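Novice: Here it is: the structure, laid out below.
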Amino acid sequence: MFNKVLIANRGEIAVRVIRCLKEMGIASVAVYSQADKDALHVQLADEAVCIGPPRAVDSYLNMNNIISAAFNTGAQAIHPGFGFLSENEVFASMCGECSIKFIGPDPASIGLMGNKSNARKLMIEAGVPVIPGTDGLLDTYEEAEKAAEKMGFPVMIKASAGGGGKGIRMVSSQEELRAQFDAAKVEAKAAFGDDSIYMEKVITNARHIEVQILADEHGNVLHLGERDCSLQRRNQKVLEEAPSVALTKELRKQIGKAAVLAAKAANYKNAGTIEFLYKDGQFMFMEMNTRIQVEHPVTEMVTGIDIVEWQIRIAAGQPLDIKQSAVKMEGHALECRINAENPARGFAPSPGKIAYMHMPSGGLGLRVDSAMFAGYTIPPYYDSMIAKVITHGKDRAQAIAKMQRALHEFVINGIDTNIEFQLDILHNPTFAEGAVDTGFIAREILKN
């Protein structure tokens, strides 16, 4: 097992990993930008190293500075969290070249599954059902035009190197295609340094279902059930839950087997997520996320399995001691992402100083993952998510009731948040029935 691990991230995920390391008896090293010198992850870690100016490109994306921090502190491994360098095969390769263990999959798997077009091809060859789409990349607008005519509108143009909702454009008609094709390529180039794109058929009124997998370095692969991530705004997840009320016992078994098959096809190791669209009893592969997910706590709540701990154990070479037959989903869990943003102003980010803060607490089945505290100043340079509230109940109704109670208790003064927006979702009758899909928020919550 490692003696010391560096966390190449910030915010609540850095705090989450540091707490896990402390419980495992492993020393932790935080890295931080100049804007984060007073951040909670810096205070909680055993050591902390400044890696650059506030902008992410100068700090949390500065591979050389992060590797140097690991060397100088004697860290044997790096946990990348999510976002930033977590799915960067170059960084994973640099870690290996410097004899530092990257707590995640091999660079080859990151590169293979990070290229969405190549991932589609691999899944087809492995026998995993995929969303109808182009067999390869679209190099020219003329190719896109022909593909769209063949599939029929609406279609989705997607960045091959994409993720996080960037480089994605839905096209409803021929008249929109040229502008959206160009816009997707520009955004993909800006976000990922790669303007390669492909096209998929839009599956309307579908659910976004993802399956958590764990794979060790000894050939063992298992899944931890599914999460329903259909509650989205502009391709960004807002609220997640586990399990999905849409899946029967037989479908849950089938989608789990497909996820394991996908992970084996990619020769995958460590924690990852296979994402599917689901409609009318059929599920179709979308992509694989080669990292820990923001919404991993809902899976932890229903299975009792610490995914971050297993990331570390797998990276240290330990075999999985969990059998698939022993993985059970008990009860129901929800996660609400709390963002520093103003929904009334188009969800504009709301950085600034937290004057007062009271986090919900008390009772069984409540967890709050956050790096916020009263007096902390949220910098304007990074993602707006400041907390995750997770509840667990014996059934979905109880989990919702606990979440409603928790969010009514959650008080943050000094900045704007989306807490009321989340409560609007939780009190919606259609949501209470579980009759949601990826268009739910736009159709029922933002309709006015």
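Chain labels run A, B, ... following the order of the structure tokens; each chain numbers its residues from 1, and ligands are numbered from 1 in the order shown.
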Could you produce a table of the residues of segment 382-445 of chain A lying within 7 Å of segment 226-243 of chain A, with the nearest pair of atoms per residue and their separation in Å rounded to one decimal, using only C-alpha atoms, ordered by chain and increasing residue number, as JSON lines?
Specialist:
{"residue": "A:Val436", "atom": "CA", "partner": "A:Ser230", "partner_atom": "CA", "distance": 6.9}
{"residue": "A:Asp437", "atom": "CA", "partner": "A:Ser230", "partner_atom": "CA", "distance": 5.1}
{"residue": "A:Thr438", "atom": "CA", "partner": "A:Ser230", "partner_atom": "CA", "distance": 4.5}
{"residue": "A:Phe440", "atom": "CA", "partner": "A:Leu231", "partner_atom": "CA", "distance": 6.7}
{"residue": "A:Ile441", "atom": "CA", "partner": "A:Arg233", "partner_atom": "CA", "distance": 6.5}
{"residue": "A:Ala442", "atom": "CA", "partner": "A:Arg233", "partner_atom": "CA", "distance": 6.9}
Novice: Find the residues near Gly219 of chain A: any atom within 9 Å, counting only C-alpha atoms, skip ones fewer than 6 places away on the same chain, and give them as a PyMOL selection string.
Specialist: chain A and resi 264+267+269+319
Novice: Could you save those same residues with C-alpha atoms as an mmCIF file, in the first residue's frame?
Specialist:
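The resulting part-v2.cif:
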data_model
loop_
_atom_site.group_PDB
_atom_site.id
_atom_site.type_symbol
_atom_site.label_atom_id
_atom_site.label_comp_id
_atom_site.auth_asym_id
_atom_site.auth_seq_id
_atom_site.Cartn_x
_atom_site.Cartn_y
_atom_site.Cartn_z
ATOM 1 C CA LYS A 264 -13.324 -5.921 -20.392
ATOM 2 C CA ASN A 267 -8.931 -3.781 -20.862
ATOM 3 C CA LYS A 269 -8.598 -1.141 -14.633
ATOM 4 C CA PRO A 319 -7.364 -7.666 -5.927
#
Novice: Using only C-alpha atoms for the distances, tell me which of A:Ser196, A:Ser350, A:Thr303, A:Gln398 is nearest to Ile412 of chain A.
Specialist: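 Nearest to Ile412 of chain A: A:Ser350.
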Novice: When you look at Pro107 of chain A with a cut-off of 7 Å (counting only C-alpha atoms), what residues show up, excluding the ones that are within fewer than 3 positions of it in the same chain? I need them as an NGL selection string.
Specialist: :A and (89 or 92-93 or 110-111)
Novice: Which residue gives the smallest distance to Glu210 of chain A among A:Thr134, A:Thr299, A:Ser68, A:Thr248, with only C-alpha atoms counted?
Specialist: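 Under the stated criterion, the closest residue is A:Thr299.
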